[in-house]
$ cat input_25.cif   # mmCIF, C-alpha atoms
data_entry
loop_
_atom_site.label_atom_id
_atom_site.label_comp_id
_atom_site.auth_asym_id
_atom_site.auth_seq_id
_atom_site.Cartn_x
_atom_site.Cartn_y
_atom_site.Cartn_z
CA MET A 1 6.81 -9.10 -30.89
CA ILE A 2 9.52 -7.86 -28.56
CA GLU A 3 10.34 -9.98 -25.53
CA ALA A 4 11.00 -7.81 -22.52
CA GLY A 5 12.89 -9.76 -19.92
CA LEU A 6 14.50 -8.59 -16.73
CA SER A 7 17.66 -7.70 -18.65
CA HIS A 8 15.81 -5.10 -20.76
CA PRO A 9 16.78 -1.57 -19.60
CA VAL A 10 13.17 -0.41 -19.36
CA ALA A 11 12.28 -3.41 -17.19
CA VAL A 12 15.23 -2.71 -14.88
CA VAL A 13 14.24 0.97 -14.51
CA GLY A 14 10.61 -0.02 -13.89
CA LEU A 15 11.66 -2.55 -11.26
CA ALA A 16 13.88 0.02 -9.55
CA PHE A 17 11.05 2.57 -9.37
CA SER A 18 8.68 -0.12 -8.10
CA VAL A 19 11.07 -1.00 -5.29
CA VAL A 20 11.45 2.70 -4.40
CA ALA A 21 7.63 3.07 -4.35
CA LEU A 22 7.39 0.01 -2.11
CA VAL A 23 9.94 1.41 0.36
CA LEU A 24 8.22 4.81 0.41
CA GLY A 25 4.84 3.19 0.98
CA VAL A 26 6.09 1.02 3.84
CA CYS A 27 7.76 4.07 5.42
CA THR A 28 4.50 6.03 5.10
CA ALA A 29 2.54 3.19 6.69
CA TYR A 30 5.08 3.00 9.51
CA LEU A 31 4.77 6.74 10.16
CA ALA A 32 0.98 6.44 10.17
CA VAL A 33 1.14 3.64 12.75
CA ARG A 34 3.54 5.70 14.87
CA GLY A 35 1.13 8.63 14.61
CA TYR A 36 -1.67 6.40 15.84
CA LEU A 37 0.37 5.12 18.75
CA ARG A 38 1.47 8.63 19.72
CA ASN A 39 -1.84 10.49 19.36
CA GLY A 40 -4.47 7.77 19.49
CA GLN A 41 -6.05 8.90 16.20
CA ARG A 42 -7.82 5.86 14.75
CA PRO A 43 -7.95 7.18 11.16
CA MET A 44 -4.16 6.82 11.02
CA LEU A 45 -4.65 3.05 11.18
CA PHE A 46 -6.89 3.19 8.11
CA ILE A 47 -4.27 5.24 6.28
CA ALA A 48 -1.54 2.75 7.23
CA ALA A 49 -3.63 -0.24 6.15
CA GLY A 50 -4.49 1.53 2.90
CA PHE A 51 -0.85 2.14 2.02
CA VAL A 52 0.02 -1.47 2.81
CA LEU A 53 -2.76 -2.74 0.54
CA VAL A 54 -1.96 -0.32 -2.28
CA LEU A 55 1.80 -0.80 -2.38
CA LEU A 56 2.75 -3.99 -0.58
CA THR A 57 0.12 -6.44 -1.83
CA PRO A 58 1.12 -6.39 -5.53
CA PHE A 59 4.73 -7.14 -4.55
CA LEU A 60 3.69 -9.98 -2.30
CA LEU A 61 1.56 -11.43 -5.04
CA LEU A 62 4.32 -11.06 -7.60
CA PHE A 63 7.37 -12.23 -5.64
CA VAL A 64 6.15 -14.36 -2.73
CA ILE A 65 2.69 -15.83 -3.19
CA ILE A 66 2.64 -16.25 -6.97
CA ILE A 67 1.43 -19.69 -7.94
CA PRO A 68 2.45 -21.03 -11.37
CA ILE A 69 -1.14 -21.99 -12.23
CA ALA A 70 -2.43 -18.45 -11.54
CA ASP A 71 -2.73 -16.59 -14.81
CA GLU A 72 -2.14 -12.88 -15.40
CA VAL A 73 -5.85 -12.07 -15.32
CA THR A 74 -6.16 -13.45 -11.78
CA PHE A 75 -3.03 -11.59 -10.67
CA TYR A 76 -4.25 -8.27 -12.05
CA ALA A 77 -7.77 -8.78 -10.68
CA VAL A 78 -6.54 -9.50 -7.14
CA SER A 79 -4.07 -6.62 -7.36
CA ALA A 80 -6.74 -4.18 -8.59
CA ILE A 81 -9.18 -5.25 -5.87
CA ASN A 82 -6.56 -4.77 -3.15
CA GLN A 83 -5.50 -1.40 -4.54
CA THR A 84 -9.11 -0.21 -4.68
CA ILE A 85 -9.78 -1.32 -1.11
CA GLY A 86 -6.52 0.32 -0.02
CA LEU A 87 -7.41 3.62 -1.67
CA CYS A 88 -10.85 3.49 -0.03
CA LEU A 89 -9.17 2.99 3.36
CA ILE A 90 -6.85 5.95 2.75
CA LEU A 91 -9.79 8.11 1.69
CA TYR A 92 -11.79 7.05 4.76
CA GLY A 93 -8.82 7.77 7.03
CA LEU A 94 -8.41 11.24 5.56
CA TRP A 95 -12.15 11.94 5.54
CA THR A 96 -12.85 10.86 9.14
CA PRO A 97 -12.74 13.70 11.67
CA ARG A 98 -9.80 13.52 14.04
CA THR A 99 -10.54 12.94 17.69
CA SER A 100 -7.88 12.47 20.30
CA SER A 101 -7.32 13.13 23.95
CA ILE A 102 -4.95 15.98 23.06
CA SER A 103 -7.65 18.01 21.29
CA LYS A 104 -10.11 17.46 24.17
CA LYS A 105 -7.69 18.91 26.74
CA ALA A 106 -7.14 22.17 24.88
#

$ encode --input "input_25.cif" --output "structure tokens"
Amino acid sequence: MIEAGLSHPVAVVGLAFSVVALVLGVCTAYLAVRGYLRNGQRPMLFIAAGFVLVLLTPFLLLFVIIIPIADEVTFYAVSAINQTIGLCLILYGLWTPRTSSISKKA
């Protein structure tokens, strides 16, 4: 069996792409919150929360909140649950009709 540590080139590339995905997700969530604050469209909050759950939660579990007694099955189960809830929030935010004071004035 091959041991893949952090020094393995594939692990380094995977970590780099994971960090890029995290930054892109946080930027997307930030833009969604700004859109909510600017236009008052509540579905943007669901989209922002969804992106945070999908992309930020696995990193928090892996790097910050990881407990040595938690096994891999628990980590992947919590991560999968959060990603599923996050995707449901994104879908709900995209599915919900937009209502704002701007559209009512026109």

$ closest_residue --input "input_25.cif" --among "A:Asn39, A:Thr96, A:Ser7, A:Asn82" --to "Leu56 (chain A)" --atoms "all atoms listed in the file"
A:Asn82

$ resolve_selection --input "input_25.cif" --expression "the PyMOL selection byres ((chain A and resi 78) around 12)" --output "short mmCIF file (atom, residue, chain, number, x, y, z; two decimals) with C-alpha atoms, in the coordinates of the input"
data_model
loop_
_atom_site.label_atom_id
_atom_site.label_comp_id
_atom_site.auth_asym_id
_atom_site.auth_seq_id
_atom_site.Cartn_x
_atom_site.Cartn_y
_atom_site.Cartn_z
CA LEU A 53 -2.76 -2.74 0.54
CA VAL A 54 -1.96 -0.32 -2.28
CA THR A 57 0.12 -6.44 -1.83
CA PRO A 58 1.12 -6.39 -5.53
CA PHE A 59 4.73 -7.14 -4.55
CA LEU A 60 3.69 -9.98 -2.30
CA LEU A 61 1.56 -11.43 -5.04
CA LEU A 62 4.32 -11.06 -7.60
CA ILE A 65 2.69 -15.83 -3.19
CA ILE A 66 2.64 -16.25 -6.97
CA ALA A 70 -2.43 -18.45 -11.54
CA ASP A 71 -2.73 -16.59 -14.81
CA GLU A 72 -2.14 -12.88 -15.40
CA VAL A 73 -5.85 -12.07 -15.32
CA THR A 74 -6.16 -13.45 -11.78
CA PHE A 75 -3.03 -11.59 -10.67
CA TYR A 76 -4.25 -8.27 -12.05
CA ALA A 77 -7.77 -8.78 -10.68
CA SER A 79 -4.07 -6.62 -7.36
CA ALA A 80 -6.74 -4.18 -8.59
CA ILE A 81 -9.18 -5.25 -5.87
CA ASN A 82 -6.56 -4.77 -3.15
CA GLN A 83 -5.50 -1.40 -4.54
CA THR A 84 -9.11 -0.21 -4.68
CA ILE A 85 -9.78 -1.32 -1.11
#

$ atom_distance --input "input_25.cif" --atom1 "CA of Tyr36 (chain A)" --atom2 "CA of Tyr92 (chain A)"
15.0 Å

$ atom_distance --input "input_25.cif" --atom1 "CA of His8 (chain A)" --atom2 "CA of Val52 (chain A)"
28.6 Å

$ residues_around --input "input_25.cif" --residues "Leu94 (chain A)" --least-positions-apart "6" --cutoff "9 Å" --atoms "all atoms listed in the file" --output "ChimeraX atom specification"
/A:43-44,46-47

$ resolve_selection --input "input_25.cif" --expression "the PyMOL selection byres ((chain A and resi 33) around 10)" --output "JSON, numbers by chain"
{"A": [27, 28, 29, 30, 31, 32, 34, 35, 36, 37, 38, 39, 40, 41, 42, 43, 44, 45, 46, 47, 48, 49]}

$ closest_residue --input "input_25.cif" --among "A:Pro9, A:Gly50, A:Gly14, A:Leu55" --to "Ile90 (chain A)" --atoms "only C-alpha atoms"
A:Gly50

$ atom_distance --input "input_25.cif" --atom1 "CA of Ser18 (chain A)" --atom2 "CA of Gly93 (chain A)"
24.4 Å

$ closest_residue --input "input_25.cif" --among "A:Cys88, A:Pro97, A:Leu15, A:Val20" --to "Phe51 (chain A)" --atoms "all atoms listed in the file"
A:Cys88
